[in-house]
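Colleague: Compact mmCIF, C-alpha atoms and all ligand atoms, file query19.txt:
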```txt
# COMPACT_ATOMS: atom_id res chain seq x y z
CA MET A 1 164.88 102.07 91.68
CA ASN A 2 167.66 104.64 92.03
CA ILE A 3 167.52 108.44 91.67
CA ARG A 4 168.53 108.38 88.01
CA THR A 5 165.83 105.83 87.07
CA ALA A 6 163.24 107.71 89.12
CA LEU A 7 163.98 110.94 87.24
CA ASP A 8 164.00 109.14 83.87
CA THR A 9 160.64 107.50 84.66
CA ALA A 10 159.00 110.83 85.48
CA LYS A 11 157.12 112.25 82.50
CA ILE A 12 156.87 115.69 84.08
CA GLU A 13 159.16 118.75 84.03
CA LYS A 14 162.62 117.87 85.31
CA ILE A 15 162.56 120.55 88.00
CA ASP A 16 159.22 119.24 89.33
CA ALA A 17 160.53 115.67 89.39
CA GLU A 18 163.62 116.82 91.30
CA LEU A 19 161.47 118.74 93.77
CA LEU A 20 159.22 115.74 94.40
CA LEU A 21 162.21 113.46 94.82
CA SER A 22 163.95 115.89 97.20
CA PHE A 23 160.71 116.00 99.21
CA VAL A 24 160.43 112.22 99.39
CA LEU A 25 164.12 111.72 100.22
CA ASN A 26 164.14 114.73 102.56
CA CYS A 27 167.28 116.19 100.99
CA GLY A 28 168.25 119.14 98.80
CA ARG A 29 168.20 119.17 95.00
CA ALA A 30 172.00 119.39 94.95
CA SER A 31 172.15 116.03 96.69
CA ILE A 32 169.73 114.53 94.11
CA ARG A 33 172.11 115.62 91.35
CA ALA A 34 175.26 114.57 93.20
CA TYR A 35 174.15 110.98 94.00
CA PRO A 36 172.18 109.60 91.01
CA GLU A 37 173.02 106.00 92.04
CA ARG A 38 171.36 106.33 95.48
CA GLU A 39 168.69 103.64 95.85
CA LEU A 40 165.18 104.53 97.03
CA THR A 41 163.62 102.38 99.74
CA PHE A 42 160.30 100.66 98.96
CA GLU A 43 158.40 103.37 100.90
CA GLN A 44 160.24 106.19 99.13
CA LYS A 45 159.58 104.64 95.72
CA THR A 46 155.86 104.16 96.50
CA LYS A 47 155.51 107.74 97.76
CA PHE A 48 157.38 109.16 94.78
CA LEU A 49 155.23 107.26 92.25
CA GLU A 50 152.05 108.41 94.02
CA LEU A 51 153.10 112.07 93.94
CA LEU A 52 154.22 111.69 90.36
CA GLN A 53 150.81 110.40 89.34
CA ARG A 54 149.08 113.30 91.11
CA ARG A 55 151.40 115.77 89.35
CA VAL A 56 150.66 114.14 85.98
CA HIS A 57 146.97 114.79 86.71
CA GLY A 58 147.80 118.46 87.18
CA GLU A 59 147.90 118.93 90.97
CA PRO A 60 150.02 121.99 91.73
CA ILE A 61 153.52 121.20 92.90
CA ALA A 62 153.03 123.55 95.90
CA TYR A 63 150.09 121.47 97.18
CA LEU A 64 152.05 118.24 96.72
CA LEU A 65 155.01 119.63 98.66
CA GLY A 66 152.82 121.57 101.12
CA HIS A 67 155.09 124.62 100.82
CA LYS A 68 155.61 127.68 98.64
CA GLU A 69 158.18 130.46 98.81
CA PHE A 70 156.90 134.04 98.85
CA TRP A 71 158.96 137.14 99.64
CA SER A 72 161.86 134.73 100.41
CA LEU A 73 159.80 133.24 103.25
CA ASP A 74 158.68 129.61 103.40
CA PHE A 75 154.86 129.35 103.53
CA ILE A 76 152.88 126.24 104.41
CA VAL A 77 150.07 125.79 101.87
CA SER A 78 147.13 123.42 101.48
CA PRO A 79 144.23 123.21 99.01
CA ASP A 80 142.33 125.51 101.42
CA VAL A 81 144.45 128.48 100.37
CA LEU A 82 145.47 130.19 97.17
CA ILE A 83 149.09 129.41 96.30
CA PRO A 84 150.92 132.73 96.84
CA ARG A 85 152.04 134.19 93.49
CA ALA A 86 155.32 135.95 92.72
CA ASP A 87 153.20 138.68 91.05
CA THR A 88 151.67 139.53 94.43
CA GLU A 89 155.10 140.58 95.72
CA LEU A 90 154.38 143.88 93.90
CA LEU A 91 151.53 144.54 96.38
CA VAL A 92 153.95 143.97 99.29
CA GLU A 93 156.63 146.13 97.65
CA MET A 94 154.26 149.05 97.04
CA ALA A 95 152.80 148.80 100.55
CA LEU A 96 156.30 148.84 102.08
CA GLU A 97 157.14 151.99 100.11
CA THR A 98 154.40 153.81 101.98
CA ILE A 99 155.03 152.34 105.45
CA PRO A 100 157.79 154.20 107.32
CA SER A 101 160.30 151.69 108.70
CA LYS A 102 160.25 152.78 112.35
CA LYS A 103 156.66 154.02 112.86
CA ALA A 104 154.11 151.83 114.65
CA GLN A 105 151.39 151.88 112.00
CA ARG A 106 148.17 149.87 111.80
CA ILE A 107 147.82 147.79 108.67
CA LEU A 108 144.90 145.68 107.49
CA ASP A 109 145.17 142.77 105.01
CA LEU A 110 141.75 141.67 103.72
CA GLY A 111 141.51 138.10 102.38
CA THR A 112 144.82 136.90 103.75
CA GLY A 113 144.68 133.25 102.57
CA SER A 114 147.99 131.66 103.58
CA GLY A 115 148.91 134.95 105.25
CA ALA A 116 151.46 135.68 102.51
CA VAL A 117 150.94 139.45 102.19
CA ALA A 118 150.34 140.16 105.89
CA LEU A 119 153.30 138.09 107.08
CA ALA A 120 155.66 139.44 104.41
CA ILE A 121 154.80 143.02 105.49
CA ALA A 122 155.01 142.07 109.17
CA SER A 123 158.46 140.55 108.67
CA GLU A 124 159.71 143.85 107.21
CA ARG A 125 157.93 146.17 109.66
CA PRO A 126 158.17 144.61 113.16
CA SER A 127 156.96 147.81 114.87
CA CYS A 128 153.64 147.76 112.97
CA THR A 129 150.51 145.83 113.92
CA ILE A 130 148.92 143.92 111.06
CA VAL A 131 145.38 142.60 111.16
CA ALA A 132 144.75 139.80 108.66
CA THR A 133 141.21 138.63 107.82
CA ASP A 134 139.56 135.92 105.79
CA ASN A 135 136.07 134.47 105.65
CA SER A 136 137.48 130.95 105.32
CA ALA A 137 138.18 129.45 108.75
CA GLU A 138 140.38 126.81 107.08
CA ALA A 139 142.48 129.46 105.34
CA LEU A 140 142.86 131.38 108.59
CA GLN A 141 144.14 128.21 110.29
CA ILE A 142 146.90 127.96 107.68
CA ALA A 143 147.73 131.67 108.04
CA LYS A 144 148.05 131.24 111.83
CA LEU A 145 150.23 128.18 111.31
CA ASN A 146 152.47 130.26 109.04
CA ALA A 147 152.77 133.05 111.62
CA LYS A 148 153.94 130.46 114.13
CA HIS A 149 156.24 128.66 111.70
CA LEU A 150 157.84 131.97 110.62
CA GLN A 151 157.93 133.22 114.23
CA ILE A 152 156.14 136.44 113.32
CA HIS A 153 154.27 137.87 116.30
CA ASN A 154 152.85 141.21 115.10
CA VAL A 155 149.87 139.83 113.15
CA GLU A 156 146.34 139.36 114.54
CA PHE A 157 143.79 137.25 112.70
CA ALA A 158 140.04 137.76 112.32
CA LEU A 159 137.39 135.66 110.62
CA GLY A 160 134.58 137.24 108.61
CA TYR A 161 133.15 138.76 105.44
CA TRP A 162 135.48 141.62 104.43
CA PHE A 163 135.12 144.52 106.92
CA ASP A 164 132.53 142.61 108.98
CA ALA A 165 135.48 140.62 110.40
CA LEU A 166 136.48 143.73 112.37
CA SER A 167 135.01 144.26 115.79
CA GLY A 168 136.17 145.69 119.11
CA GLY A 169 139.68 147.18 118.88
CA LEU A 170 140.07 145.94 115.31
CA ASN A 171 137.49 148.56 114.26
CA GLN A 172 139.92 151.43 114.87
CA PRO A 173 141.03 153.15 111.62
CA TYR A 174 144.06 151.83 109.74
CA ASP A 175 146.98 153.68 108.15
CA ILE A 176 147.08 151.24 105.26
CA ILE A 177 144.69 148.63 103.88
CA VAL A 178 145.99 146.03 101.44
CA SER A 179 144.09 143.32 99.65
CA ASN A 180 144.54 140.72 96.97
CA PRO A 181 140.87 139.73 96.69
CA PRO A 182 139.27 137.28 94.27
CA TYR A 183 139.04 139.04 90.89
CA VAL A 184 138.46 136.36 88.24
CA ALA A 185 135.15 136.53 86.35
CA ASN A 186 132.63 133.67 86.67
CA PHE A 187 133.11 131.26 83.78
CA ASP A 188 136.55 132.66 82.86
CA PRO A 189 138.16 129.86 80.82
CA HIS A 190 141.39 130.21 82.86
CA LEU A 191 139.52 128.60 85.77
CA GLU A 192 139.66 125.32 83.80
CA GLN A 193 143.43 125.54 83.32
CA GLY A 194 146.62 124.85 85.29
CA ASP A 195 146.80 125.36 89.06
CA LEU A 196 143.49 127.31 89.15
CA ARG A 197 141.57 124.01 88.71
CA PHE A 198 142.77 122.92 92.15
CA GLU A 199 142.59 126.21 94.07
CA PRO A 200 139.56 127.22 96.18
CA ASN A 201 136.89 128.84 94.03
CA GLN A 202 136.14 131.37 96.73
CA ALA A 203 139.75 132.61 96.55
CA LEU A 204 139.46 133.27 92.83
CA VAL A 205 135.98 134.14 91.57
CA ALA A 206 134.12 137.43 92.10
CA GLY A 207 130.99 137.80 89.97
CA MET A 208 130.38 138.26 86.25
CA GLU A 209 133.22 140.76 85.71
CA GLY A 210 135.38 139.65 88.64
CA MET A 211 134.74 143.05 90.25
CA ASP A 212 132.29 142.21 93.06
CA ASP A 213 134.86 141.94 95.86
CA LEU A 214 137.03 144.79 94.58
CA HIS A 215 133.89 146.98 94.55
CA ASN A 216 132.97 146.01 98.11
CA ILE A 217 136.49 146.65 99.45
CA ILE A 218 137.12 149.94 97.62
CA ALA A 219 133.68 151.39 98.44
CA ASN A 220 133.95 150.61 102.17
CA ALA A 221 137.67 151.21 102.78
CA PRO A 222 137.42 155.00 103.41
CA LYS A 223 135.38 154.34 106.60
CA PHE A 224 138.27 152.26 107.97
CA LEU A 225 141.19 154.53 107.01
CA VAL A 226 142.78 157.43 108.90
CA PRO A 227 142.91 160.79 107.05
CA GLN A 228 145.65 160.41 104.38
CA GLY A 229 145.38 156.63 104.80
CA GLN A 230 146.03 154.46 101.77
CA LEU A 231 144.32 151.53 100.09
CA LEU A 232 146.30 149.21 97.80
CA VAL A 233 144.61 146.40 95.88
CA GLU A 234 145.80 143.79 93.44
CA HIS A 235 143.54 143.27 90.40
CA GLY A 236 143.36 141.59 87.01
CA TYR A 237 145.36 142.72 83.96
CA ASN A 238 142.19 144.09 82.30
CA GLN A 239 140.60 145.75 85.36
CA GLU A 240 142.82 148.83 85.66
CA LYS A 241 140.17 151.30 84.37
CA LEU A 242 137.26 149.74 86.27
CA VAL A 243 139.30 149.78 89.48
CA ALA A 244 140.39 153.41 88.98
CA LYS A 245 136.71 154.34 88.53
CA GLU A 246 135.79 152.56 91.77
CA PHE A 247 138.56 154.46 93.60
CA GLU A 248 137.27 157.78 92.22
CA GLN A 249 133.67 157.01 93.15
CA ALA A 250 134.73 156.12 96.69
CA GLY A 251 136.43 159.53 97.02
CA PHE A 252 140.10 158.50 96.78
CA ALA A 253 142.76 160.90 95.46
CA GLU A 254 146.28 160.25 94.10
CA ILE A 255 145.10 157.12 92.30
CA VAL A 256 148.06 155.27 90.79
CA CYS A 257 148.26 151.94 88.98
CA TYR A 258 151.53 149.99 89.13
CA SER A 259 152.57 147.36 86.61
CA ASP A 260 154.45 144.16 87.37
CA LEU A 261 157.80 143.18 85.84
CA SER A 262 156.04 141.94 82.69
CA GLY A 263 154.45 145.38 82.25
CA ILE A 264 150.98 144.15 83.27
CA PRO A 265 148.81 146.57 85.35
CA ARG A 266 148.62 144.75 88.68
CA VAL A 267 148.20 147.03 91.74
CA THR A 268 146.22 150.24 92.23
CA SER A 269 146.59 152.57 95.19
CA GLY A 270 144.73 155.64 96.38
CA THR A 271 144.74 158.04 99.33
CA VAL A 272 141.70 159.27 101.28
C1 LIG A 301 143.13 135.78 95.82
S1 LIG A 301 143.09 135.07 97.43
C2 LIG A 301 144.48 135.94 98.14
C3 LIG A 301 145.16 135.21 99.25
C4 LIG A 301 146.43 135.88 99.77
N1 LIG A 301 146.17 137.24 100.23
C5 LIG A 301 147.50 135.92 98.68
O1 LIG A 301 147.73 136.99 98.13
O2 LIG A 301 148.10 134.88 98.40
C6 LIG A 301 141.68 135.84 98.13
C7 LIG A 301 141.38 135.51 99.56
O3 LIG A 301 140.19 136.22 99.93
C8 LIG A 301 139.38 135.38 100.74
N2 LIG A 301 137.98 135.83 100.60
C9 LIG A 301 137.11 135.60 99.58
N3 LIG A 301 135.93 136.19 99.83
C10 LIG A 301 136.06 136.81 101.03
C11 LIG A 301 135.18 137.58 101.83
N4 LIG A 301 133.93 137.85 101.42
N5 LIG A 301 135.63 138.06 103.02
C12 LIG A 301 136.90 137.81 103.41
N6 LIG A 301 137.78 137.08 102.70
C13 LIG A 301 137.37 136.58 101.53
C14 LIG A 301 139.61 133.99 100.18
O4 LIG A 301 139.26 133.01 101.15
C15 LIG A 301 141.09 134.04 99.84
O5 LIG A 301 141.86 133.59 100.93
```
For this file, write the structure as structure tokens.
Modeller:
Amino acid sequence: MNIRTALDTAKIEKIDAELLLSFVLNCGRASIRAYPERELTFEQKTKFLELLQRRVHGEPIAYLLGHKEFWSLDFIVSPDVLIPRADTELLVEMALETIPSKKAQRILDLGTGSGAVALAIASERPSCTIVATDNSAEALQIAKLNAKHLQIHNVEFALGYWFDALSGGLNQPYDIIVSNPPYVANFDPHLEQGDLRFEPNQALVAGMEGMDDLHNIIANAPKFLVPQGQLLVEHGYNQEKLVAKEFEQAGFAEIVCYSDLSGIPRVTSGTV
């Protein structure tokens, strides 16, 4: 089997087939296109056909490759973590707007998963200290691996249920808290579709309205923020009003909701 036949055999999107083949052959996509006559070895063919079959059954391409780009950084991913979404770059962008570039601020990322948000912010603000938490030990392992792989040294990791993860020095108030928590409602039909079928349930689902974790984070955040500190959370497209109400009830001012590039309400921020 050569590259051309391999691509013709694949009954999946062309870009996915090229990515899988590049992965198996350990070369770039340009090389795949430039040398269609290149023959695959027996091992390469077997590996490619196995990955192909898994893709046909719906496994996310990021899990098959073990990598996903976020904020132009290469993240290692596994089925223990949510695959970082391009939409979440808005949370990073809005957080960076409020973090002065030279000040040594304290930033908290709750529910860090692969470490995407914490490490993206850390890469842009080397003088800040970022604390990244998760209650999944497996997810935290991946986040630590990413810090090492990306050679980012200003992130500390803590395991535990939301703010309970903070003890000792990590209990000191933060200038900024960010979070992309689970916000999908139980039994939401989207959970049975696409990549979501393969992602950890505990990274996605948060009660009947998807608001349980957002409620917990917003209600408790003021105790962990400095005066004038800010909380920024990502939420679902239909949760803008509920989230704004939670911010108000928790005593936040200057509550603003930002929409993503498709015009969908995505991130809300508030100041204590
Ligand atoms: C939607 S994922 C976001 C992951 C990552 N921040 C991102 O944006 O790609 C939510 C994360 O929150 C974590 N999580 C869920 N419940 C939690 C809890 N009670 N305490 C801490 N982390 C929790 C999950 O393990 C998951 O990693």
Colleague: At a cut-off of 9 Å, using only C-alpha atoms, what residues contact A:Trp162? Leave out same-chain residues fewer than 3 positions from it and give the result as a list in words.
Modeller: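 Answer for this query is Leu110, Gly111, Thr133, Asp134, Asn135, Leu159, Ala165, Leu166, Asp213, Asn216 and Ile217 of chain A.
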Colleague: Contacts between ligand LIG 301 (chain A) and chain A, please, where a residue of chain A counts if it comes within 6 Å (with only C-alpha atoms and all ligand atoms); show its shortest atom pair and distance in Å to one decimal, rows by chain and ascending number, as JSON lines.
Modeller:
```
{"residue": "A:Val81", "atom": "CA", "partner": "A:LIG301", "partner_atom": "O5", "distance": 5.8}
{"residue": "A:Leu82", "atom": "CA", "partner": "A:LIG301", "partner_atom": "S1", "distance": 5.4}
{"residue": "A:Ile83", "atom": "CA", "partner": "A:LIG301", "partner_atom": "O2", "distance": 5.9}
{"residue": "A:Pro84", "atom": "CA", "partner": "A:LIG301", "partner_atom": "O2", "distance": 3.9}
{"residue": "A:Thr88", "atom": "CA", "partner": "A:LIG301", "partner_atom": "O1", "distance": 6.0}
{"residue": "A:Gly111", "atom": "CA", "partner": "A:LIG301", "partner_atom": "O3", "distance": 3.4}
{"residue": "A:Thr112", "atom": "CA", "partner": "A:LIG301", "partner_atom": "N1", "distance": 3.8}
{"residue": "A:Gly113", "atom": "CA", "partner": "A:LIG301", "partner_atom": "O5", "distance": 3.3}
{"residue": "A:Ser114", "atom": "CA", "partner": "A:LIG301", "partner_atom": "C4", "distance": 5.9}
{"residue": "A:Ala116", "atom": "CA", "partner": "A:LIG301", "partner_atom": "O2", "distance": 5.4}
{"residue": "A:Val117", "atom": "CA", "partner": "A:LIG301", "partner_atom": "N1", "distance": 5.6}
{"residue": "A:Asp134", "atom": "CA", "partner": "A:LIG301", "partner_atom": "N6", "distance": 3.7}
{"residue": "A:Asn135", "atom": "CA", "partner": "A:LIG301", "partner_atom": "C12", "distance": 4.1}
{"residue": "A:Ser136", "atom": "CA", "partner": "A:LIG301", "partner_atom": "O4", "distance": 5.0}
{"residue": "A:Gly160", "atom": "CA", "partner": "A:LIG301", "partner_atom": "C12", "distance": 5.7}
{"residue": "A:Tyr161", "atom": "CA", "partner": "A:LIG301", "partner_atom": "N5", "distance": 3.5}
{"residue": "A:Trp162", "atom": "CA", "partner": "A:LIG301", "partner_atom": "N5", "distance": 3.8}
{"residue": "A:Asn180", "atom": "CA", "partner": "A:LIG301", "partner_atom": "C2", "distance": 4.9}
{"residue": "A:Pro181", "atom": "CA", "partner": "A:LIG301", "partner_atom": "C6", "distance": 4.2}
{"residue": "A:Pro182", "atom": "CA", "partner": "A:LIG301", "partner_atom": "C1", "distance": 4.4}
{"residue": "A:Gln202", "atom": "CA", "partner": "A:LIG301", "partner_atom": "C9", "distance": 5.2}
{"residue": "A:Ala203", "atom": "CA", "partner": "A:LIG301", "partner_atom": "C15", "distance": 3.8}
{"residue": "A:Leu204", "atom": "CA", "partner": "A:LIG301", "partner_atom": "C1", "distance": 5.4}
```
Colleague: For A:Thr98, which residue among A:Ile176, A:Ala147, A:Ala6, A:Ala253 is the nearest when counting all atoms listed in the file?
Modeller: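 Selected residue with least distance to A:Thr98: A:Ile176.
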Colleague: Need the shell around A:Met1: protein/DNA/RNA residues with any atom at most 9 Å away, counting all atoms listed in the file. Skip same-chain ones fewer than 2 positions apart. Format as a short mmCIF file (atom, residue, chain, number, x, y, z; two decimals) with C-alpha atoms, keeping the file's coordinate frame?
Modeller:
```
data_model
loop_
_atom_site.label_atom_id
_atom_site.label_comp_id
_atom_site.auth_asym_id
_atom_site.auth_seq_id
_atom_site.Cartn_x
_atom_site.Cartn_y
_atom_site.Cartn_z
CA ILE A 3 167.52 108.44 91.67
CA ARG A 4 168.53 108.38 88.01
CA THR A 5 165.83 105.83 87.07
CA ALA A 6 163.24 107.71 89.12
CA ARG A 38 171.36 106.33 95.48
CA GLU A 39 168.69 103.64 95.85
CA LEU A 40 165.18 104.53 97.03
CA THR A 41 163.62 102.38 99.74
CA PHE A 42 160.30 100.66 98.96
CA LYS A 45 159.58 104.64 95.72
#
```
Colleague: Of the residues A:Asp109, A:Ile218, A:His67, A:Val24, which is the one nearest to A:Leu49, using all atoms listed in the file?
Modeller: A:Val24
Colleague: In Å, with one decimal, what is the gap from atom CA of A:Gln230 to atom CA of A:Leu145?
Modeller: 28.3 Å
Colleague: Identify the residues within 12 Å of coordinate (148.2, 130.9, 111.0) (same frame as the file), considering only C-alpha atoms, and give the answer as a ChimeraX atom specification.
Modeller: /A:75-77,81,112-116,118-119,132-134,137-153,155-159
Colleague: Take the residues from that selection and write them out as an mmCIF file, keeping the file's coordinate frame, keeping C-alpha atoms.
Modeller:
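Output contents, as saved in out13.cif:
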```cif
data_model
loop_
_atom_site.group_PDB
_atom_site.id
_atom_site.type_symbol
_atom_site.label_atom_id
_atom_site.label_comp_id
_atom_site.auth_asym_id
_atom_site.auth_seq_id
_atom_site.Cartn_x
_atom_site.Cartn_y
_atom_site.Cartn_z
ATOM 1 C CA PHE A 75 154.860 129.350 103.530
ATOM 2 C CA ILE A 76 152.880 126.240 104.410
ATOM 3 C CA VAL A 77 150.070 125.790 101.870
ATOM 4 C CA VAL A 81 144.450 128.480 100.370
ATOM 5 C CA THR A 112 144.820 136.900 103.750
ATOM 6 C CA GLY A 113 144.680 133.250 102.570
ATOM 7 C CA SER A 114 147.990 131.660 103.580
ATOM 8 C CA GLY A 115 148.910 134.950 105.250
ATOM 9 C CA ALA A 116 151.460 135.680 102.510
ATOM 10 C CA ALA A 118 150.340 140.160 105.890
ATOM 11 C CA LEU A 119 153.300 138.090 107.080
ATOM 12 C CA ALA A 132 144.750 139.800 108.660
ATOM 13 C CA THR A 133 141.210 138.630 107.820
ATOM 14 C CA ASP A 134 139.560 135.920 105.790
ATOM 15 C CA ALA A 137 138.180 129.450 108.750
ATOM 16 C CA GLU A 138 140.380 126.810 107.080
ATOM 17 C CA ALA A 139 142.480 129.460 105.340
ATOM 18 C CA LEU A 140 142.860 131.380 108.590
ATOM 19 C CA GLN A 141 144.140 128.210 110.290
ATOM 20 C CA ILE A 142 146.900 127.960 107.680
ATOM 21 C CA ALA A 143 147.730 131.670 108.040
ATOM 22 C CA LYS A 144 148.050 131.240 111.830
ATOM 23 C CA LEU A 145 150.230 128.180 111.310
ATOM 24 C CA ASN A 146 152.470 130.260 109.040
ATOM 25 C CA ALA A 147 152.770 133.050 111.620
ATOM 26 C CA LYS A 148 153.940 130.460 114.130
ATOM 27 C CA HIS A 149 156.240 128.660 111.700
ATOM 28 C CA LEU A 150 157.840 131.970 110.620
ATOM 29 C CA GLN A 151 157.930 133.220 114.230
ATOM 30 C CA ILE A 152 156.140 136.440 113.320
ATOM 31 C CA HIS A 153 154.270 137.870 116.300
ATOM 32 C CA VAL A 155 149.870 139.830 113.150
ATOM 33 C CA GLU A 156 146.340 139.360 114.540
ATOM 34 C CA PHE A 157 143.790 137.250 112.700
ATOM 35 C CA ALA A 158 140.040 137.760 112.320
ATOM 36 C CA LEU A 159 137.390 135.660 110.620
#
```
Colleague: What is the atom CA of A:Thr268 to atom CA of A:Val226 distance in Å?
Modeller: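 Going from atom CA of A:Thr268 over to atom CA of A:Val226, I get 18.5 Å.
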